[in-house]
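Dumped run_13.txt below, it's compact mmCIF, C-alpha atoms:
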```txt
# COMPACT_ATOMS: atom_id res chain seq x y z
CA MET F 1 139.38 164.47 8.86
CA THR F 2 141.61 167.22 7.46
CA LEU F 3 138.72 168.32 5.22
CA GLU F 4 136.60 168.97 8.33
CA THR F 5 139.18 171.16 10.07
CA ASP F 6 139.71 173.14 6.86
CA SER F 7 136.08 174.29 6.82
CA PHE F 8 134.52 176.54 9.48
CA ILE F 9 130.99 175.34 8.65
CA ARG F 10 131.85 171.62 8.60
CA PHE F 11 133.71 171.80 11.90
CA PHE F 12 130.95 173.95 13.44
CA LEU F 13 128.28 171.42 12.49
CA GLY F 14 130.50 168.50 13.54
CA CYS F 15 131.03 170.04 16.99
CA LYS F 16 127.27 170.52 17.41
CA ARG F 17 126.55 166.93 16.39
CA ARG F 18 129.25 165.29 18.51
CA PHE F 19 128.36 167.24 21.65
CA LYS F 20 124.67 166.36 21.39
CA HIS F 21 124.73 162.81 20.04
CA PHE F 22 128.05 161.08 20.82
CA SER F 23 127.87 158.30 23.41
CA GLU F 24 130.86 157.43 25.58
CA THR F 25 131.71 154.62 23.15
CA LYS F 26 131.63 156.97 20.16
CA ILE F 27 133.76 159.53 22.04
CA ASN F 28 136.41 156.89 22.77
CA ARG F 29 136.36 155.68 19.17
CA TYR F 30 136.65 159.21 17.78
CA GLN F 31 139.51 160.10 20.14
CA LEU F 32 141.41 156.93 19.24
CA MET F 33 141.01 157.54 15.51
CA ARG F 34 142.04 161.20 15.71
CA GLY F 35 144.84 160.44 18.18
CA LYS F 36 146.35 157.82 15.86
CA GLU F 37 146.26 160.23 12.92
CA ILE F 38 147.98 163.00 14.92
CA VAL F 39 150.66 160.64 16.28
CA GLN F 40 151.39 159.27 12.80
CA TYR F 41 151.53 162.79 11.34
CA ALA F 42 153.93 163.96 14.06
CA TYR F 43 156.10 160.83 13.63
CA ASN F 44 156.32 161.31 9.85
CA THR F 45 156.83 165.09 9.88
CA ALA F 46 158.80 166.19 12.96
CA PRO F 47 162.31 164.79 13.64
CA PHE F 48 161.73 164.99 17.42
CA PHE F 49 158.74 162.65 17.34
CA ASN F 50 160.49 160.32 14.92
CA ARG F 51 163.30 159.93 17.47
CA TYR F 52 161.08 159.95 20.57
CA TYR F 53 158.68 157.26 19.32
CA ARG F 54 161.20 155.05 17.52
CA LYS F 55 160.62 151.32 18.18
CA LEU F 56 157.36 152.13 20.05
CA ASP F 57 153.87 150.90 19.15
CA LEU F 58 152.29 154.03 17.65
CA ASP F 59 148.83 152.48 17.92
CA ASP F 60 149.14 152.36 21.72
CA ILE F 61 148.78 156.13 21.80
CA TRP F 62 147.41 156.57 25.33
CA ASN F 63 150.51 154.89 26.77
CA LEU F 64 153.16 156.73 24.76
CA PRO F 65 155.80 158.54 26.88
CA VAL F 66 154.78 161.85 28.42
CA ILE F 67 156.08 165.15 27.01
CA THR F 68 156.84 168.11 29.28
CA LYS F 69 157.09 171.79 28.42
CA GLN F 70 160.82 171.68 29.12
CA LEU F 71 161.34 168.74 26.76
CA MET F 72 159.31 170.45 24.04
CA MET F 73 161.24 173.71 24.32
CA GLU F 74 164.65 172.01 24.38
CA ASN F 75 163.82 170.36 21.05
CA PHE F 76 161.52 172.99 19.56
CA SER F 77 163.26 173.35 16.20
CA ASP F 78 162.72 169.63 15.61
CA TYR F 79 159.41 169.52 17.52
CA ASN F 80 157.23 171.77 15.37
CA THR F 81 156.19 170.38 11.99
CA LEU F 82 156.72 173.61 10.02
CA GLY F 83 160.52 173.70 10.04
CA PHE F 84 160.58 176.90 12.13
CA LYS F 85 163.76 177.42 14.15
CA LYS F 86 163.46 178.02 17.88
CA GLU F 87 165.85 181.00 17.85
CA GLU F 88 163.95 182.90 15.16
CA LEU F 89 160.64 182.29 16.92
CA LEU F 90 162.04 183.53 20.24
CA ASP F 91 163.39 186.64 18.50
CA PHE F 92 159.98 187.22 16.91
CA THR F 93 157.99 186.79 20.14
CA SER F 94 160.42 189.03 22.03
CA LYS F 95 159.98 191.67 19.34
CA ILE F 96 156.19 191.67 19.40
CA GLU F 97 156.15 191.65 23.23
CA LYS F 98 158.48 194.66 23.28
CA GLU F 99 156.57 196.56 20.59
CA GLU F 100 153.16 195.28 21.82
CA ASN F 101 152.29 194.62 18.19
CA TYR F 102 150.31 191.42 18.72
CA ASN F 103 148.63 191.55 15.31
CA GLU F 104 151.90 190.75 13.53
CA ARG F 105 152.23 187.22 12.20
CA PHE F 106 155.26 185.05 11.54
CA ARG F 107 155.14 183.86 7.91
CA GLY F 108 151.34 183.85 8.12
CA TYR F 109 151.19 181.97 11.44
CA ASN F 110 150.08 183.28 14.82
CA VAL F 111 153.10 182.85 17.12
CA ALA F 112 152.98 183.90 20.77
CA MET F 113 155.04 183.47 23.91
CA SER F 114 153.69 181.62 26.92
CA SER F 115 155.57 182.10 30.18
CA GLY F 116 153.25 180.15 32.48
CA THR F 117 153.61 180.32 36.23
CA SER F 118 157.08 178.78 36.30
CA GLY F 119 158.61 181.52 34.17
CA ASN F 120 159.98 179.04 31.62
CA LYS F 121 159.48 180.54 28.17
CA GLY F 122 157.15 178.67 25.88
CA ILE F 123 156.20 179.15 22.24
CA VAL F 124 152.68 178.65 20.92
CA ILE F 125 152.14 178.29 17.15
CA THR F 126 148.64 178.42 15.67
CA SER F 127 148.07 177.99 11.95
CA PRO F 128 145.27 179.83 10.08
CA SER F 129 143.31 176.58 9.72
CA GLU F 130 143.74 175.86 13.45
CA GLU F 131 142.44 179.33 14.29
CA LYS F 132 139.45 178.65 12.02
CA TYR F 133 138.38 175.37 13.61
CA LEU F 134 138.94 176.70 17.15
CA GLN F 135 136.64 179.64 16.37
CA ALA F 136 134.11 177.19 14.90
CA ALA F 137 134.23 175.11 18.09
CA LEU F 138 133.72 178.19 20.27
CA PHE F 139 130.71 179.38 18.27
CA ALA F 140 129.26 175.86 18.25
CA ARG F 141 129.59 175.34 22.01
CA PHE F 142 129.38 178.76 23.67
CA SER F 143 126.03 179.52 25.28
CA PHE F 144 125.30 182.87 23.64
CA PRO F 145 122.62 185.08 25.23
CA CYS F 146 119.55 185.97 23.15
CA ILE F 147 120.94 189.10 21.52
CA LEU F 148 120.94 190.26 17.92
CA ARG F 149 124.35 191.91 17.94
CA ILE F 150 127.34 190.75 19.95
CA LYS F 151 129.56 193.24 21.77
CA TRP F 152 132.16 190.98 23.39
CA ALA F 153 135.00 192.43 25.47
CA PHE F 154 138.00 190.12 26.00
CA MET F 155 140.27 191.23 28.84
CA LEU F 156 143.72 189.75 28.26
CA ARG F 157 147.35 190.68 28.79
CA ILE F 158 148.04 190.16 25.09
CA THR F 159 145.81 189.77 22.05
CA THR F 160 145.63 188.28 18.57
CA PRO F 161 143.68 189.29 15.44
CA ALA F 162 140.96 186.85 16.56
CA PHE F 163 139.98 189.24 19.36
CA GLN F 164 139.65 192.32 17.14
CA VAL F 165 136.59 191.80 14.95
CA SER F 166 133.91 194.13 13.61
CA LYS F 167 131.73 192.43 10.98
CA PHE F 168 128.02 192.46 10.19
CA GLY F 169 127.27 194.41 13.36
CA GLN F 170 129.14 191.88 15.55
CA ARG F 171 132.00 193.38 17.55
CA LEU F 172 134.82 191.71 19.49
CA THR F 173 137.35 193.92 21.21
CA HIS F 174 140.43 193.42 23.36
CA ILE F 175 141.09 195.39 26.55
CA ASN F 176 144.62 195.13 27.86
CA LEU F 177 144.83 193.99 31.48
CA GLN F 178 147.99 196.05 31.93
CA LEU F 179 146.06 199.31 31.57
CA THR F 180 145.25 201.35 34.67
CA LEU F 181 141.90 200.68 36.33
CA ASP F 182 140.70 204.15 35.30
CA LYS F 183 141.49 203.39 31.63
CA ILE F 184 139.86 199.95 31.80
CA ARG F 185 136.76 201.45 33.37
CA GLU F 186 136.66 204.14 30.69
CA LYS F 187 136.92 201.61 27.84
CA LEU F 188 134.23 199.33 29.29
CA GLN F 189 131.92 202.25 29.97
CA LYS F 190 132.23 203.40 26.36
CA PHE F 191 131.99 199.92 24.78
CA GLN F 192 129.10 198.64 26.99
CA PRO F 193 129.75 194.93 26.36
CA ASN F 194 126.89 192.46 26.43
CA ILE F 195 129.47 189.65 26.86
CA LEU F 196 132.41 190.18 29.22
CA SER F 197 135.40 187.84 29.54
CA ALA F 198 138.20 188.27 32.11
CA PRO F 199 140.22 186.39 34.75
CA PRO F 200 138.30 186.04 38.05
CA SER F 201 140.67 188.42 39.86
CA MET F 202 139.77 191.18 37.37
CA LEU F 203 136.07 190.27 37.48
CA LYS F 204 136.23 190.77 41.26
CA ILE F 205 137.69 194.24 40.77
CA LEU F 206 135.01 195.13 38.22
CA ALA F 207 132.31 193.78 40.52
CA LYS F 208 133.50 196.15 43.23
CA GLU F 209 133.47 199.05 40.76
CA ILE F 210 129.86 198.19 39.88
CA ASN F 211 128.85 197.88 43.53
CA GLU F 212 130.32 201.29 44.30
CA ASN F 213 128.64 202.91 41.25
CA ARG F 214 131.86 203.76 39.43
CA LEU F 215 131.03 201.45 36.53
CA THR F 216 127.64 200.92 34.90
CA ILE F 217 127.71 197.92 32.58
CA LYS F 218 125.16 195.10 32.38
CA PRO F 219 126.64 192.17 30.45
CA LYS F 220 124.20 189.36 29.73
CA ARG F 221 127.00 186.80 29.81
CA VAL F 222 130.16 186.83 31.97
CA VAL F 223 133.02 184.43 31.24
CA SER F 224 135.97 183.52 33.48
CA TYR F 225 139.30 182.15 32.26
CA ALA F 226 143.09 182.08 32.83
CA GLU F 227 142.86 181.62 36.62
CA VAL F 228 141.12 179.11 38.88
CA LEU F 229 137.51 180.17 39.46
CA GLU F 230 136.91 179.14 43.06
CA PRO F 231 133.31 178.36 44.12
CA ASP F 232 133.02 181.23 46.60
CA ILE F 233 134.33 183.73 44.05
CA LYS F 234 131.91 182.37 41.44
CA GLN F 235 128.95 182.85 43.78
CA GLU F 236 130.05 186.37 44.69
CA LEU F 237 130.41 187.38 41.02
CA GLU F 238 127.03 185.92 40.07
CA GLU F 239 125.36 188.01 42.77
CA VAL F 240 126.90 191.24 41.44
CA PHE F 241 126.56 190.60 37.69
CA ARG F 242 123.17 188.88 38.15
CA THR F 243 124.01 186.22 35.60
CA PRO F 244 125.67 182.76 35.76
CA ILE F 245 129.46 182.84 35.39
CA HIS F 246 130.60 180.68 32.47
CA GLN F 247 134.12 179.31 32.04
CA ILE F 248 136.55 178.81 29.19
CA TYR F 249 139.24 176.31 30.15
CA GLN F 250 141.96 176.87 27.60
CA GLY F 251 145.71 177.28 27.48
CA SER F 252 148.66 176.80 25.20
CA GLU F 253 147.96 173.04 25.46
CA GLY F 254 144.57 173.33 23.74
CA SER F 255 140.91 174.18 24.15
CA ILE F 256 140.08 171.87 27.04
CA GLY F 257 136.67 172.89 28.37
CA LEU F 258 133.66 175.17 27.97
CA THR F 259 130.50 175.81 29.97
CA CYS F 260 127.24 174.53 28.45
CA LYS F 261 123.78 176.15 28.58
CA LYS F 262 123.07 174.32 31.85
CA GLY F 263 126.14 175.83 33.49
CA SER F 264 128.35 172.72 33.53
CA LEU F 265 132.00 172.92 32.48
CA HIS F 266 132.37 170.14 29.89
CA ILE F 267 135.62 168.73 28.56
CA ASN F 268 135.82 169.28 24.80
CA GLU F 269 136.14 165.55 24.19
CA ASP F 270 136.29 165.98 20.40
CA LEU F 271 139.10 168.55 20.65
CA VAL F 272 141.29 166.96 23.33
CA ASN F 273 141.83 163.71 25.15
CA LEU F 274 142.30 164.39 28.86
CA GLN F 275 143.77 161.65 31.07
CA LEU F 276 143.72 161.96 34.86
CA TYR F 277 146.00 159.92 37.13
CA ASN F 278 146.52 159.21 40.81
CA LYS F 279 149.95 159.35 42.42
CA ASP F 280 150.45 155.59 41.90
CA GLY F 281 149.75 155.89 38.15
CA SER F 282 146.22 154.47 38.24
CA LEU F 283 143.36 156.33 36.55
CA THR F 284 141.53 158.78 38.81
CA GLU F 285 137.89 157.91 39.47
CA PRO F 286 135.16 160.59 39.20
CA SER F 287 134.58 162.64 42.40
CA ASN F 288 138.27 162.35 43.32
CA PRO F 289 140.90 165.03 42.58
CA CYS F 290 143.64 163.80 40.29
CA PHE F 291 147.35 163.98 41.06
CA GLN F 292 148.40 164.56 37.46
CA SER F 293 146.66 165.46 34.19
CA ILE F 294 147.86 164.70 30.65
CA VAL F 295 146.33 166.18 27.51
CA THR F 296 146.44 165.30 23.80
CA ASP F 297 145.17 167.78 21.21
CA LEU F 298 143.27 165.75 18.63
CA HIS F 299 143.64 168.20 15.72
CA LYS F 300 146.67 170.48 16.15
CA LYS F 301 149.40 169.69 13.61
CA SER F 302 151.68 172.76 13.56
CA GLN F 303 152.87 172.03 17.09
CA PRO F 304 151.56 168.62 18.15
CA ILE F 305 150.40 168.31 21.75
CA ILE F 306 150.58 164.57 22.45
CA ARG F 307 150.48 163.13 25.98
CA PHE F 308 151.51 166.56 27.25
CA LYS F 309 151.92 167.03 31.00
CA LEU F 310 149.31 169.59 32.01
CA ASN F 311 149.63 169.33 35.81
CA ASP F 312 146.19 170.76 36.62
CA ILE F 313 144.40 169.19 39.59
CA ILE F 314 140.93 168.32 38.32
CA THR F 315 137.86 166.60 39.74
CA ILE F 316 135.40 164.99 37.32
CA SER F 317 131.70 164.77 38.15
CA PRO F 318 130.26 161.23 38.41
CA GLU F 319 126.95 162.53 37.03
CA LYS F 320 125.90 163.15 33.45
CA CYS F 321 124.95 166.77 32.72
CA GLN F 322 121.27 167.73 32.46
CA CYS F 323 122.00 169.09 28.96
CA GLY F 324 122.17 165.47 27.81
CA SER F 325 125.76 165.45 26.50
CA SER F 326 128.04 162.51 27.28
CA PHE F 327 131.07 164.82 27.35
CA ARG F 328 132.56 164.63 30.86
CA VAL F 329 131.85 167.44 33.32
CA ILE F 330 134.59 169.05 35.39
CA ASP F 331 133.38 169.55 38.96
CA GLN F 332 136.32 171.69 39.92
CA ILE F 333 139.76 172.82 38.76
CA MET F 334 141.65 173.00 42.05
CA GLY F 335 144.91 174.47 40.83
CA ARG F 336 148.15 173.00 39.57
CA ALA F 337 150.06 169.98 40.83
CA ASP F 338 153.04 172.33 41.17
CA ASP F 339 151.03 174.11 43.87
CA LEU F 340 150.15 171.06 45.94
CA LEU F 341 151.12 171.73 49.52
CA TRP F 342 153.32 169.17 51.24
CA GLY F 343 153.80 168.18 54.85
CA GLU F 344 156.01 165.79 56.76
CA ARG F 345 154.08 162.91 58.29
CA LYS F 346 154.46 162.43 62.05
CA ASP F 347 154.13 158.63 61.86
CA THR F 348 156.54 157.78 59.04
CA ASN F 349 158.50 161.00 58.35
CA GLU F 350 157.49 160.60 54.71
CA LEU F 351 156.26 163.52 52.62
CA GLN F 352 152.49 163.84 52.22
CA TYR F 353 150.74 165.98 49.59
CA ILE F 354 147.83 168.21 50.63
CA PHE F 355 145.28 169.44 48.09
CA PRO F 356 145.14 173.26 47.96
CA ASP F 357 141.34 173.28 48.08
CA TYR F 358 141.38 172.19 51.74
CA VAL F 359 143.52 175.18 52.69
CA ARG F 360 141.26 177.47 50.66
CA ARG F 361 138.21 176.20 52.55
CA ALA F 362 140.02 176.63 55.87
CA ILE F 363 140.60 180.31 55.09
CA ILE F 364 137.23 181.31 53.66
CA SER F 365 135.30 179.45 56.39
CA SER F 366 137.18 181.38 59.09
CA SER F 367 135.31 184.66 58.64
CA GLU F 368 132.76 186.37 56.39
CA ASP F 369 134.86 189.53 56.72
CA ILE F 370 137.61 188.20 54.40
CA GLU F 371 137.48 190.00 51.05
CA GLU F 372 140.63 188.57 49.43
CA TYR F 373 143.28 186.05 50.42
CA GLN F 374 146.41 184.20 49.42
CA ALA F 375 148.29 181.36 51.13
CA ILE F 376 151.90 180.54 50.25
CA GLN F 377 153.72 177.56 51.70
CA LYS F 378 157.30 178.77 52.09
CA ASN F 379 158.66 175.41 53.32
CA PHE F 380 157.41 172.32 55.17
CA THR F 381 156.94 174.25 58.42
CA ASP F 382 155.99 177.80 57.34
CA VAL F 383 152.86 179.13 55.61
CA LEU F 384 152.30 182.80 54.81
CA VAL F 385 148.71 184.05 54.51
CA ARG F 386 147.91 187.44 52.99
CA LEU F 387 144.49 188.91 53.78
CA LEU F 388 142.30 191.82 52.81
CA ILE F 389 139.43 192.19 55.28
CA LYS F 390 136.57 194.57 55.98
CA LYS F 391 137.46 197.66 58.00
CA GLU F 392 135.34 196.70 61.00
CA ALA F 393 136.70 193.13 61.16
CA ASP F 394 138.61 191.87 64.19
CA LYS F 395 142.13 191.01 63.02
CA GLU F 396 143.00 189.06 66.14
CA ILE F 397 139.99 186.73 65.93
CA ILE F 398 140.50 186.14 62.19
CA THR F 399 144.19 185.38 62.76
CA GLU F 400 143.46 182.83 65.48
CA LYS F 401 140.75 181.06 63.45
CA ILE F 402 142.82 180.80 60.26
CA GLN F 403 145.86 179.52 62.13
CA GLU F 404 143.74 176.91 63.88
CA LYS F 405 141.95 175.74 60.75
CA ILE F 406 145.08 175.44 58.56
CA LYS F 407 146.88 173.53 61.31
CA ASN F 408 143.88 171.19 61.49
CA VAL F 409 144.22 170.50 57.75
CA PHE F 410 147.81 169.34 58.24
CA SER F 411 146.82 167.33 61.33
CA ARG F 412 144.11 165.47 59.41
CA TYR F 413 146.85 164.35 57.02
CA SER F 414 148.91 163.24 60.06
CA CYS F 415 151.48 165.92 59.25
CA ILE F 416 153.50 168.23 61.48
CA GLU F 417 151.57 171.46 62.01
CA PRO F 418 153.25 174.44 60.33
CA HIS F 419 153.77 177.95 61.68
CA ILE F 420 151.14 180.25 60.12
CA GLU F 421 152.12 183.89 59.55
CA ILE F 422 149.23 186.28 58.83
CA ARG F 423 149.82 189.55 56.97
CA PHE F 424 147.01 192.01 56.31
CA GLU F 425 148.11 193.05 52.84
CA PRO F 426 146.98 192.50 49.23
CA PRO F 427 147.76 189.19 47.47
CA VAL F 428 150.66 189.28 45.01
CA LYS F 429 150.22 188.10 41.41
CA ASN F 430 152.68 185.68 39.86
CA PRO F 431 155.40 187.85 38.22
CA ASN F 432 155.77 185.49 35.25
CA SER F 433 152.14 184.93 34.25
CA ASN F 434 150.55 187.97 35.92
CA LYS F 435 147.90 185.59 37.31
CA LEU F 436 146.60 185.53 40.86
CA ILE F 437 147.28 182.14 42.43
CA ARG F 438 145.55 182.10 45.79
CA ILE F 439 147.03 178.84 47.12
CA GLN F 440 150.59 178.05 46.11
CA ARG F 441 153.86 176.43 47.13
CA ASP F 442 157.07 178.44 47.00
CA PHE F 443 159.61 175.59 47.00
CA LYS F 444 160.34 172.56 44.87
CA ILE F 445 159.71 168.92 45.72
```
Can you give me the file's structure in the form of structure tokens?
Amino acid sequence: MTLETDSFIRFFLGCKRRFKHFSETKINRYQLMRGKEIVQYAYNTAPFFNRYYRKLDLDDIWNLPVITKQLMMENFSDYNTLGFKKEELLDFTSKIEKEENYNERFRGYNVAMSSGTSGNKGIVITSPSEEKYLQAALFARFSFPCILRIKWAFMLRITTPAFQVSKFGQRLTHINLQLTLDKIREKLQKFQPNILSAPPSMLKILAKEINENRLTIKPKRVVSYAEVLEPDIKQELEEVFRTPIHQIYQGSEGSIGLTCKKGSLHINEDLVNLQLYNKDGSLTEPSNPCFQSIVTDLHKKSQPIIRFKLNDIITISPEKCQCGSSFRVIDQIMGRADDLLWGERKDTNELQYIFPDYVRRAIISSSEDIEEYQAIQKNFTDVLVRLLIKKEADKEIITEKIQEKIKNVFSRYSCIEPHIEIRFEPPVKNPNSNKLIRIQRDFKI
């Protein structure tokens, strides 16, 4: 299998073949084979895994103990398989962040810092061969528009050499999200991308610029990533850009999902194994949101991701995609388990979790005059809602409807109704990740 990941062409063709022809049985067999190889490699190469898996059955890979980001970072010098020391990697990532020199490599490896929403520093190592097979997978799976020459604009906070390409008439360019809106608009206007990738919060801003004739770009493909793409936002963006919104579901834990030509967000079953669990530890059935998600990267060796706690709340479709692939389809990514809202039950006084999607629906169904929103649960009895509304909208009516609907959500869960404070002000992005999280919890459980 190493020979396949060492070759762009072999991995490209393998990704094409597996996506089109693998049955559920073949997917399970492939994941088990690759998973066993990765576990054995990590056990033989990294001192952390040798200690962590000692006296365990390494063939029972899907029941090995879970690894968290905190556990990984506490043991990072022994966790990575390259012998890199945690301190020197932190010094390197701090240096490139300060100098904004994201093209610099550490001993030939791409090393970046991942803060995430919690603010806990993380390190992401990607080897040259890992970059190669990830690019092969993207080109094999991505639904490219019918164009001769690609002009793809990636809008990210940071970049890597992979996003700065100009070969054979194909151009990939990075546009820094930390630039002013005027500068971003200027760069996009000059570049005229035919493929545009950005977080949904930035796509909303660009859609407004297009609507108000301050930006004239006509991308043939628009891709959302980094933040949750909520259904109402997706529909709004598709109306402005006049093209389906595709998704790339990827993070420091691996390349998890990608939209197919039919518009479905498939799990990359030959790149990762994704396990979804209910609160009681049982496997989550399709159509139901999970309580916890755990991912295993089936190929990454520099920094093994094995039974890694992902925490995303995901719902899997019970239906097979019209494209014919047996790779599972994600109906919705609802946010992170860390952002589950919680209430105190009236009948038992026990704590009850509340999925953030229900609060989102309560807000957006309250008025068509809501342009942007954010709900933050401050504690069990207080929820803050930030709103941007149309100028002619009635603030009093919107306030009353939102308060009523959110209280009804808690009541349906048999929980004490919280106090709902409404502020007519812009949402605030997470200071650690610079992502917009529309529904979140501001206290620990």
I'd like the neighbourhood of segment 308-324 of chain F as a PyMOL selection string, where a residue qualifies if any of its atoms comes within 8 Å (using all atoms listed in the file), though same-chain residues fewer than 3 positions away should be ignored.
chain F and resi 20+66-69+253+260-262+264+276+285-296+305+328-338
Residues proximal to (151.1, 165.1, 53.2) were defined as those with any atom within 10 Å of that point in the file's coordinates, counting only C-alpha atoms. Which are they, as an NGL selection string?
:F and (340-346 or 349-355 or 380 or 409-416)
Between atom CA of Asp59 of chain F and atom CA of Leu134 of chain F - distance in Å to one decimal
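These two atoms are separated by 26.2 Å.
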Env of Arg149 of chain F: 9 Å cut, atoms = all atoms listed in the file, seq-sep filter 5 positions within chain, self excluded. Answer as a ChimeraX atom specification.
/F:168-171,194
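What separates atom CA of Gly14 of chain F from atom CA of Ala140 of chain F is a distance of 8.8 Å.
When atom CA of Arg438 of chain F is paired with atom CA of Leu258 of chain F, their separation reads 22.5 Å.
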Using all atoms listed in the file, which residue out of F:Ser224, F:Thr45, F:Thr126, F:Ser326 lies closest to His266 of chain F?
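Among the listed residues, the smallest separation from His266 of chain F belongs to F:Ser326.
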Among listed residues F:Asn50, F:Tyr41, F:Arg441, F:Ile184, nearest Thr381 of chain F (using all atoms listed in the file)
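Among the listed residues, the smallest separation from Thr381 of chain F belongs to F:Arg441.
Remark: for Pro426 of chain F, the closest of the candidate residues F:Val385, F:Leu265, F:Met33, F:Leu188 is F:Val385 (distances computed over all atoms listed in the file).
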